[in-house]
Protein chains: 2
Amino acid sequence: MRNFDEHTITDAVLERTRDARDPRIKEISEALVRHLHAFVREVRPTQKEWAQGIDFLTRTGHMCDDKRQEFILLSDALGVSMLVDAINHPVPEGATETTVLGPFYVHAAPERALGEDISGGVEGDPLLVTGTVSSPDGQPIPHATIDVWHSDSDGYYDVQQLDALGQLAMRAKFHADEKGHFNFWSIRPAAYPIPHDGPVGQMLEAQGRHPWRPAHVHFMISAPGHEQLVTHVFEAGDQYLDSDVVFGVKDSLIREFVRREPGPAPDGWVLNVPYYHLNYDFGLKPLRAA
Amino acid sequence: MRNFDEHTITDAVLERTRDARDPRIKEISEALVRHLHAFVREVRPTQKEWAQGIDFLTRTGHMCDDKRQEFILLSDALGVSMLVDAINHPVPEGATETTVLGPFYVHAAPERALGEDISGGVEGDPLLVTGTVSSPDGQPIPHATIDVWHSDSDGYYDVQQLDALGQLAMRAKFHADEKGHFNFWSIRPAAYPIPHDGPVGQMLEAQGRHPWRPAHVHFMISAPGHEQLVTHVFEAGDQYLDSDVVFGVKDSLIREFVRREPGPAPDGWVLNVPYYHLNYDFGLKPLRAA
């Protein structure tokens with residue numbers, strides 16, 4: 001096979017993957033070739049534009065290291081991450097809705113006891129977080145594992161300022177109690193722009209878009225017999241709720257971060273400054289029988 | 001705008017680029033989002049498969065440096081490079097057909113005089129290359145600039161073995177004479193696998209494909225008033241002509257590398273070993289009036 005033109009090359013490439021051993025790899029390869037070629041045939045890039053595309057992908061790859069994942073940012077900013085999330089979690093069935101993982105999750109979050117302050121000494125308005133983990137029928141799920149992470153009051157995560165902080169902060173792994181209850185202290189997060197000093201930031205600028213996300217706290221919750229839940233809780237009233245750069249906001253995930261005056265908090269701590277209180281009751285979807 | 005699902009998110013992302021200032025960027029962004037989302041909706045990746053895709057792109061980026069361009073290899077192996085080439089050069093109109101640039105072109109090729117040996121001392125069968133550069137009507141184009149590059153007899157380019165060679169070799173820039181004629185000596189190139197120790201090699205393996213290209217010499221030819229020509233000349237009889245991993249072969253670009261016995265060559269050199277002779281007469285397309 002040779003002498004391919006604009007109209008024959010797609011079938012030629014598809015024919016070449018006929019011997020793929022794994023049927024799923026064959027399926028994904030074929031779909032990739034068809035959609036990628038359809039994109040190229042539609043936009044009809046010049047050789048210079050094609051070279052600019054190669055350069056964009058190369059710079060995106062070079063931006064990735066163990067603290068920065070520019071391809072996840074790209075997927076997030078193009079709505080692909082939320083599309084994949086929607087495909088994998090179409091119907092909450094009474095469970096909490098899902099949203100993107102984002103690029104700031106780290107596996108090595110420190111284990112903390114319920115009630116502890118996880119702010120790591122970072123300054124900000126104190127935030128009390130409370131809630132429960134249940135099945136959709138309301139049955140508490142005892143001892144669920146709860147990963148939380150969030151930004152500081154300037155919108156930066158610990159991993160973006162590790163040299164200054166010296167340790168992970170505003171991040172922890174808890175276990176709910178036997179009634180599915182959890183509570184901890186941290187600081188109130190802020191809205192923030194996704195890292196935009198790289199190729200994804202240049203893309204957003206060229207597309208006439210802002211890079212902001214509304215303030216939120218990330219949760220990843222796991223329990224035996226249930227699907228893992230990856231979601232955020234967003235602060236009500238944030239100006240970016242309707243223009244989240246990664247398209248992650250759902251009404252059911254918005255809660256007021258209630259301002260409270262100094263004094264005793266619900267968990268018995270006594271505050272001498274105003275603080276905020278966020279409560280969210282999570283529902284985990286039971287695993288379907290195989 | 002919030003609460004996006006599998007069916008509403010694509011329009012939400014498209015709506016977000018409405019303020020792009022450059023209409024071409026807007027057009028490309030919109031097409032990218034539509035086709036990328038259609039691909040994702042068709043293959044319905046699991047979260048794990050999505051993460052594997054992110055990892056594949058990240059590793060492809062990390063493989064790129066000033067001597068290796070893994071994203072060009074990916075584009076080549078998926079037939080995208082030849083599709084872009086076909087879109088930009090649909091009808092040769094009597095001029096020479098085009099093919100991919102490939103990842104081994106370097107801007108800094110040494111200028112050489114016609115007739116010189118550009119092998120750089122690399123061992124192999126001597127190869128005499130001769131030809132002309134003309135307009136499609138047969139008029140010679142005087143002093144056309146001719147960039148050539150090719151592999152050694154093991155299939156490796158100079159940039160893949162620079163530490164051993166110490167200099168660029170089998171690569172040069174010439175100027176045709178006033179009659180559009182050129183000639184030089186080098187060594188006969190071999191068929192070779194594209195670099196397959198990286199992510200693109202893993203993709204080919206998973207797709208059940210070999211990584212080979214038939215033996216060829218690259219040409220990039222420029223002259224005032226004419227479109228730049230990027231092409232190869234392939235060796236007739238090569239076993240990979242019908243399965244070139246980058247889909248670049250066209251019948252009009254195949255020539256016999258004619259074996260000659262020791263003795264005087266057409267340019268007056270006298271060989272005491274057998275040598276090969278490749279002749280190709282190139283046609284450049286005149287630039288269309290603006």
# chains A, B, ... in the order shown; residues from 1 in each chain; ligands from 1

$ residues_around --residues "Ile187 (chain A)" --least-positions-apart "6" --cutoff "7 Å" --atoms "only C-alpha atoms" --output "PyMOL selection string"
chain A and resi 119+124-127+152

$ write_last_selection --atoms "N, CA and C atoms" --output "compact mmCIF listing (two decimals), in the first residue's frame"
# COMPACT_ATOMS: atom_id res chain seq x y z
N SER A 119 -3.98 22.51 59.10
CA SER A 119 -3.51 23.69 58.35
C SER A 119 -1.99 23.75 58.25
N GLY A 124 -4.63 31.92 57.93
CA GLY A 124 -5.90 32.06 57.23
C GLY A 124 -7.04 32.01 58.22
N ASP A 125 -8.26 32.25 57.72
CA ASP A 125 -9.43 32.15 58.58
C ASP A 125 -9.64 30.69 58.98
N PRO A 126 -9.80 30.42 60.29
CA PRO A 126 -10.04 29.03 60.69
C PRO A 126 -11.31 28.48 60.04
N LEU A 127 -11.25 27.21 59.61
CA LEU A 127 -12.39 26.55 58.97
C LEU A 127 -12.62 25.22 59.67
N ASP A 152 -4.58 27.42 50.08
CA ASP A 152 -4.52 28.39 51.17
C ASP A 152 -5.35 29.63 50.80

$ residues_around --residues "Leu229 (chain A)" --least-positions-apart "4" --cutoff "7 Å" --atoms "only C-alpha atoms" --output "VMD selection string"
chain A and resid 98 220 to 222 284

$ select_by_dssp --residues "region 109-191 of chain A" --states "helix (DSSP H, G or I)" --output "PyMOL selection string"
chain A and resi 158-160+162-165

$ write_last_selection --atoms "N, CA and C atoms" --output "PDB file, in the first residue's frame"
ATOM      1  N   ASP A 158      -0.152  23.272  48.948  1.00  0.00           N
ATOM      2  CA  ASP A 158       1.146  22.978  49.574  1.00  0.00           C
ATOM      3  C   ASP A 158       2.214  22.596  48.552  1.00  0.00           C
ATOM      4  N   VAL A 159       1.850  21.753  47.567  1.00  0.00           N
ATOM      5  CA  VAL A 159       2.859  21.264  46.624  1.00  0.00           C
ATOM      6  C   VAL A 159       3.396  22.366  45.717  1.00  0.00           C
ATOM      7  N   GLN A 160       2.703  23.514  45.689  1.00  0.00           N
ATOM      8  CA  GLN A 160       3.199  24.634  44.888  1.00  0.00           C
ATOM      9  C   GLN A 160       4.174  25.510  45.673  1.00  0.00           C
ATOM     10  N   LEU A 162       6.278  24.035  48.432  1.00  0.00           N
ATOM     11  CA  LEU A 162       6.891  23.104  49.383  1.00  0.00           C
ATOM     12  C   LEU A 162       8.209  23.620  49.940  1.00  0.00           C
ATOM     13  N   ASP A 163       8.968  24.331  49.114  1.00  0.00           N
ATOM     14  CA  ASP A 163      10.253  24.853  49.585  1.00  0.00           C
ATOM     15  C   ASP A 163      10.042  25.800  50.752  1.00  0.00           C
ATOM     16  N   ALA A 164       8.985  26.631  50.684  1.00  0.00           N
ATOM     17  CA  ALA A 164       8.713  27.582  51.765  1.00  0.00           C
ATOM     18  C   ALA A 164       8.086  26.878  52.974  1.00  0.00           C
ATOM     19  N   LEU A 165       7.154  25.957  52.723  1.00  0.00           N
ATOM     20  CA  LEU A 165       6.437  25.309  53.832  1.00  0.00           C
ATOM     21  C   LEU A 165       7.276  24.230  54.513  1.00  0.00           C
TER      22      LEU A 165
END

$ closest_residue --among "A:Ile254, A:Ala176, A:Leu128, A:Ala31" --to "Pro274 (chain A)" --atoms "only C-alpha atoms"
A:Leu128

$ interface_residues --of "chain B" --to "chain A" --cutoff "7 Å" --atoms "only C-alpha atoms" --output "PyMOL selection string"
chain B and resi 1-3+5-6+9+13+16-17+19-21+26+28+31-33+35+37+39+43-47+54+57-58+61-62+64+71-72+78-80+83-84+86-88+206-209+242-243+247+249-251

$ write_last_selection --atoms "C-alpha atoms" --output "compact mmCIF listing (two decimals), in the first residue's frame"
# COMPACT_ATOMS: atom_id res chain seq x y z
CA MET B 1 -23.18 27.60 33.67
CA ARG B 2 -22.74 24.47 35.76
CA ASN B 3 -24.15 20.94 36.26
CA ASP B 5 -23.27 16.07 31.95
CA GLU B 6 -21.96 13.91 29.12
CA ILE B 9 -20.39 19.72 28.44
CA VAL B 13 -16.66 24.32 26.42
CA ARG B 16 -16.25 29.44 26.61
CA THR B 17 -14.06 30.22 23.56
CA ASP B 19 -14.14 35.66 23.06
CA ALA B 20 -11.03 34.33 21.30
CA ARG B 21 -9.58 37.31 19.44
CA LYS B 26 -11.20 30.06 17.65
CA ILE B 28 -9.05 25.33 15.64
CA ALA B 31 -12.85 21.80 16.12
CA LEU B 32 -10.40 20.32 18.65
CA VAL B 33 -13.04 20.31 21.39
CA HIS B 35 -13.51 16.00 17.76
CA HIS B 37 -15.05 15.04 22.92
CA PHE B 39 -13.49 10.51 20.52
CA VAL B 43 -14.40 5.02 23.43
CA ARG B 44 -15.84 5.80 26.90
CA PRO B 45 -12.51 5.54 28.75
CA THR B 46 -12.45 4.40 32.35
CA GLN B 47 -10.72 6.76 34.78
CA ILE B 54 -2.22 11.30 30.33
CA LEU B 57 1.42 11.94 26.47
CA THR B 58 3.63 12.90 29.42
CA GLY B 61 6.90 14.83 25.96
CA HIS B 62 9.69 13.75 28.28
CA CYS B 64 11.66 14.96 23.33
CA PHE B 71 5.64 13.86 19.03
CA ILE B 72 6.69 14.07 15.36
CA LEU B 78 -0.58 7.76 13.13
CA GLY B 79 -0.57 8.96 9.51
CA VAL B 80 -1.21 12.56 10.60
CA LEU B 83 -2.40 13.71 5.94
CA VAL B 84 -1.18 17.26 6.65
CA ALA B 86 -1.53 15.71 1.42
CA ILE B 87 -3.78 18.62 2.44
CA ASN B 88 -1.02 21.12 1.72
CA ALA B 206 0.58 -2.80 21.08
CA GLN B 207 -0.96 -2.15 17.65
CA GLY B 208 0.83 -5.19 16.18
CA ARG B 209 2.89 -3.04 13.78
CA ASP B 242 4.29 -1.28 0.96
CA SER B 243 4.38 -1.09 4.73
CA PHE B 247 2.84 5.90 5.15
CA VAL B 249 5.86 6.03 -0.09
CA LYS B 250 4.61 7.15 -3.52
CA ASP B 251 5.42 5.31 -6.76

$ atom_distance --atom1 "CA of His216 (chain B)" --atom2 "CA of Thr130 (chain B)"
14.6 Å

$ select_by_dssp --residues "region 68-235 of chain A" --states "strand (DSSP E or B)" --output "PyMOL selection string"
chain A and resi 68+111+117+126-134+140+145-150+171-175+181-187+192-193+212-213+216-222+226+229-235

$ write_last_selection --atoms "N, CA and C atoms" --output "CSV table (one decimal), in the first residue's frame"
chain,number,residue,atom,x,y,z
A,68,ARG,N,4.0,19.0,39.0
A,68,ARG,CA,3.1,19.8,38.0
A,68,ARG,C,2.7,18.8,36.9
A,111,GLU,N,-1.7,10.7,57.6
A,111,GLU,CA,-2.9,10.3,58.4
A,111,GLU,C,-3.0,11.1,59.6
A,117,ASP,N,-6.2,19.8,63.6
A,117,ASP,CA,-6.0,20.9,62.7
A,117,ASP,C,-5.0,20.5,61.7
A,126,PRO,N,-9.8,30.4,60.3
A,126,PRO,CA,-10.0,29.0,60.7
A,126,PRO,C,-11.3,28.5,60.0
A,127,LEU,N,-11.3,27.2,59.6
A,127,LEU,CA,-12.4,26.6,59.0
A,127,LEU,C,-12.6,25.2,59.7
A,128,LEU,N,-13.8,25.1,60.2
A,128,LEU,CA,-14.2,23.8,60.8
A,128,LEU,C,-15.0,23.0,59.7
A,129,VAL,N,-14.5,21.8,59.4
A,129,VAL,CA,-15.2,20.9,58.4
A,129,VAL,C,-15.8,19.8,59.2
A,130,THR,N,-17.1,19.5,59.0
A,130,THR,CA,-17.8,18.4,59.6
A,130,THR,C,-18.7,17.7,58.6
A,131,GLY,N,-19.1,16.5,58.9
A,131,GLY,CA,-19.9,15.8,57.9
A,131,GLY,C,-20.1,14.3,58.3
A,132,THR,N,-20.8,13.6,57.4
A,132,THR,CA,-21.0,12.2,57.6
A,132,THR,C,-20.8,11.5,56.2
A,133,VAL,N,-20.6,10.2,56.3
A,133,VAL,CA,-20.5,9.4,55.1
A,133,VAL,C,-21.5,8.3,55.3
A,134,SER,N,-22.5,8.2,54.3
A,134,SER,CA,-23.6,7.2,54.4
A,134,SER,C,-23.8,6.6,53.0
A,140,PRO,N,-25.3,5.0,57.9
A,140,PRO,CA,-23.9,5.4,58.0
A,140,PRO,C,-22.9,4.4,57.6
A,145,THR,N,-12.6,5.9,54.6
A,145,THR,CA,-11.3,6.7,54.5
A,145,THR,C,-11.6,8.0,53.7
A,146,ILE,N,-11.2,9.1,54.3
A,146,ILE,CA,-11.5,10.4,53.7
A,146,ILE,C,-10.2,11.1,53.5
A,147,ASP,N,-9.8,11.3,52.2
A,147,ASP,CA,-8.7,12.2,51.8
A,147,ASP,C,-9.2,13.6,51.5
A,148,VAL,N,-8.6,14.6,52.1
A,148,VAL,CA,-9.0,16.0,51.9
A,148,VAL,C,-7.8,16.8,51.5
A,149,TRP,N,-7.9,17.8,50.6
A,149,TRP,CA,-6.9,18.7,50.2
A,149,TRP,C,-7.5,20.0,49.7
A,150,HIS,N,-6.8,21.1,50.0
A,150,HIS,CA,-7.4,22.4,49.5
A,150,HIS,C,-6.3,23.4,49.5
A,171,ARG,N,-3.9,19.2,54.0
A,171,ARG,CA,-4.0,18.0,53.3
A,171,ARG,C,-3.9,16.9,54.3
A,172,ALA,N,-4.8,15.9,54.3
A,172,ALA,CA,-4.7,14.8,55.3
A,172,ALA,C,-5.6,13.7,54.9
A,173,LYS,N,-5.4,12.5,55.5
A,173,LYS,CA,-6.2,11.3,55.4
A,173,LYS,C,-6.8,11.0,56.7
A,174,PHE,N,-8.2,10.9,56.8
A,174,PHE,CA,-8.9,10.6,58.0
A,174,PHE,C,-9.6,9.3,57.9
A,175,HIS,N,-10.1,8.8,59.0
A,175,HIS,CA,-11.1,7.7,59.0
A,175,HIS,C,-12.3,8.1,59.8
A,181,HIS,N,-19.2,9.6,61.0
A,181,HIS,CA,-19.0,11.1,61.2
A,181,HIS,C,-17.5,11.4,61.1
A,182,PHE,N,-17.2,12.6,60.6
A,182,PHE,CA,-15.8,13.1,60.6
A,182,PHE,C,-15.9,14.6,60.9
A,183,ASN,N,-14.7,15.1,61.4
A,183,ASN,CA,-14.6,16.6,61.7
A,183,ASN,C,-13.1,16.9,61.8
A,184,PHE,N,-12.7,18.1,61.2
A,184,PHE,CA,-11.3,18.5,61.3
A,184,PHE,C,-11.3,20.0,61.2
A,185,TRP,N,-10.2,20.6,61.5
A,185,TRP,CA,-10.0,22.0,61.4
A,185,TRP,C,-8.9,22.3,60.3
A,186,SER,N,-9.1,23.4,59.5
A,186,SER,CA,-8.1,23.8,58.6
A,186,SER,C,-8.3,25.3,58.4
A,187,ILE,N,-7.9,25.9,57.3
A,187,ILE,CA,-8.1,27.3,57.0
A,187,ILE,C,-9.0,27.4,55.7
A,192,TYR,N,-8.8,30.4,43.0
A,192,TYR,CA,-7.5,30.6,42.4
A,192,TYR,C,-7.4,30.3,40.9
A,193,PRO,N,-6.5,30.9,40.3
A,193,PRO,CA,-6.2,30.5,38.9
A,193,PRO,C,-5.4,29.2,38.8
A,212,TRP,N,-9.6,30.9,36.3
A,212,TRP,CA,-10.0,30.8,37.7
A,212,TRP,C,-10.9,29.6,38.0
A,213,ARG,N,-10.7,29.1,39.2
A,213,ARG,CA,-11.6,28.1,39.8
A,213,ARG,C,-12.2,28.7,41.0
A,216,HIS,N,-12.9,25.9,46.9
A,216,HIS,CA,-13.4,24.5,47.1
A,216,HIS,C,-12.5,23.7,48.0
A,217,VAL,N,-13.0,22.7,48.6
A,217,VAL,CA,-12.2,21.7,49.3
A,217,VAL,C,-12.4,20.3,48.6
A,218,HIS,N,-11.3,19.7,48.3
A,218,HIS,CA,-11.3,18.4,47.6
A,218,HIS,C,-11.6,17.2,48.6
A,219,PHE,N,-12.4,16.2,48.2
A,219,PHE,CA,-12.6,15.0,49.0
A,219,PHE,C,-12.5,13.8,48.1
A,220,MET,N,-11.8,12.8,48.6
A,220,MET,CA,-11.7,11.5,48.0
A,220,MET,C,-12.1,10.5,49.1
A,221,ILE,N,-13.2,9.8,48.9
A,221,ILE,CA,-13.8,9.0,50.0
A,221,ILE,C,-14.0,7.5,49.5
A,222,SER,N,-13.4,6.6,50.3
A,222,SER,CA,-13.5,5.2,50.0
A,222,SER,C,-14.0,4.4,51.2
A,226,HIS,N,-18.2,0.0,48.4
A,226,HIS,CA,-18.8,1.2,47.7
A,226,HIS,C,-17.8,1.7,46.7
A,229,LEU,N,-15.5,7.8,45.8
A,229,LEU,CA,-16.1,9.1,45.5
A,229,LEU,C,-14.9,10.1,45.4
A,230,VAL,N,-14.8,10.8,44.2
A,230,VAL,CA,-13.9,11.9,44.0
A,230,VAL,C,-14.7,13.1,43.7
A,231,THR,N,-14.6,14.1,44.6
A,231,THR,CA,-15.4,15.3,44.4
A,231,THR,C,-14.8,16.5,45.1
A,232,HIS,N,-15.5,17.7,45.0
A,232,HIS,CA,-15.2,18.9,45.8
A,232,HIS,C,-16.4,19.4,46.5
A,233,VAL,N,-16.3,20.2,47.5
A,233,VAL,CA,-17.4,21.0,47.9
A,233,VAL,C,-17.0,22.5,47.7
A,234,PHE,N,-17.8,23.2,46.9
A,234,PHE,CA,-17.5,24.6,46.6
A,234,PHE,C,-18.2,25.6,47.5
A,235,GLU,N,-17.6,26.8,47.7
A,235,GLU,CA,-18.1,27.8,48.6
A,235,GLU,C,-19.3,28.5,47.9

$ closest_residue --among "A:Pro224, A:Pro214, A:Pro92, A:Pro286" --to "Ser135 (chain A)" --atoms "only C-alpha atoms"
A:Pro286

$ residues_around --residues "Arg260 (chain A)" --least-positions-apart "4" --cutoff "8 Å" --atoms "only C-alpha atoms" --output "list of chain:residue names"
A:Pro274, A:Tyr275, A:Tyr276, A:His277

$ closest_residue --among "B:Pro189, B:Gly166, B:Pro110, B:Gly121" --to "Ser153 (chain B)" --atoms "only C-alpha atoms"
B:Pro189

$ decode --residues "region 177-252 of chain A" --atoms "C-alpha atoms" --output "short mmCIF file (atom, residue, chain, number, x, y, z; two decimals), in the first residue's frame"
data_model
loop_
_atom_site.label_atom_id
_atom_site.label_comp_id
_atom_site.auth_asym_id
_atom_site.auth_seq_id
_atom_site.Cartn_x
_atom_site.Cartn_y
_atom_site.Cartn_z
CA ASP A 177 -15.91 7.10 63.21
CA GLU A 178 -18.25 4.14 63.67
CA LYS A 179 -21.25 6.38 62.91
CA GLY A 180 -19.70 7.67 59.66
CA HIS A 181 -18.97 11.07 61.20
CA PHE A 182 -15.84 13.14 60.57
CA ASN A 183 -14.59 16.56 61.68
CA PHE A 184 -11.34 18.51 61.35
CA TRP A 185 -9.96 22.04 61.36
CA SER A 186 -8.06 23.82 58.62
CA ILE A 187 -8.14 27.27 56.97
CA ARG A 188 -10.64 28.71 54.53
CA PRO A 189 -9.46 28.18 50.92
CA ALA A 190 -9.68 30.86 48.23
CA ALA A 191 -10.59 30.93 44.57
CA TYR A 192 -7.46 30.57 42.44
CA PRO A 193 -6.23 30.51 38.86
CA ILE A 194 -4.95 27.13 37.68
CA PRO A 195 -1.19 27.35 37.01
CA HIS A 196 -1.13 29.51 33.89
CA ASP A 197 2.55 30.24 33.34
CA GLY A 198 2.82 27.34 30.87
CA PRO A 199 1.32 26.16 27.56
CA VAL A 200 -2.19 25.70 29.04
CA GLY A 201 -2.13 29.29 30.31
CA GLN A 202 -1.11 30.43 26.81
CA MET A 203 -4.00 28.45 25.34
CA LEU A 204 -6.51 30.01 27.74
CA GLU A 205 -5.17 33.49 26.94
CA ALA A 206 -5.47 32.83 23.19
CA GLN A 207 -9.00 31.49 23.69
CA GLY A 208 -10.00 34.64 25.60
CA ARG A 209 -10.63 32.70 28.83
CA HIS A 210 -9.77 33.38 32.47
CA PRO A 211 -7.94 30.64 34.41
CA TRP A 212 -9.96 30.79 37.68
CA ARG A 213 -11.60 28.13 39.79
CA PRO A 214 -14.10 28.93 42.57
CA ALA A 215 -12.96 28.20 46.16
CA HIS A 216 -13.40 24.53 47.11
CA VAL A 217 -12.23 21.66 49.30
CA HIS A 218 -11.32 18.35 47.60
CA PHE A 219 -12.61 15.04 48.98
CA MET A 220 -11.74 11.48 47.97
CA ILE A 221 -13.78 8.99 50.02
CA SER A 222 -13.46 5.20 49.99
CA ALA A 223 -15.18 2.41 51.90
CA PRO A 224 -15.43 -1.36 51.37
CA GLY A 225 -18.37 -2.33 49.16
CA HIS A 226 -18.76 1.17 47.74
CA GLU A 227 -17.51 3.07 44.68
CA GLN A 228 -14.72 5.51 45.47
CA LEU A 229 -16.07 9.10 45.48
CA VAL A 230 -13.88 11.89 44.01
CA THR A 231 -15.45 15.32 44.41
CA HIS A 232 -15.15 18.87 45.78
CA VAL A 233 -17.39 21.05 47.95
CA PHE A 234 -17.54 24.61 46.55
CA GLU A 235 -18.15 27.77 48.57
CA ALA A 236 -21.56 29.35 47.94
CA GLY A 237 -21.41 32.87 46.52
CA ASP A 238 -18.02 32.51 44.83
CA GLN A 239 -17.85 34.71 41.72
CA TYR A 240 -16.43 31.86 39.57
CA LEU A 241 -19.14 29.24 40.20
CA ASP A 242 -20.54 29.82 36.70
CA SER A 243 -17.23 30.09 34.89
CA ASP A 244 -15.01 27.46 36.54
CA VAL A 245 -12.15 27.01 34.06
CA VAL A 246 -12.41 23.21 34.37
CA PHE A 247 -16.24 23.01 34.22
CA GLY A 248 -16.42 21.17 37.56
CA VAL A 249 -19.24 22.92 39.45
CA LYS A 250 -22.56 21.21 40.26
CA ASP A 251 -25.29 22.79 42.37
CA SER A 252 -25.41 19.82 44.72
#
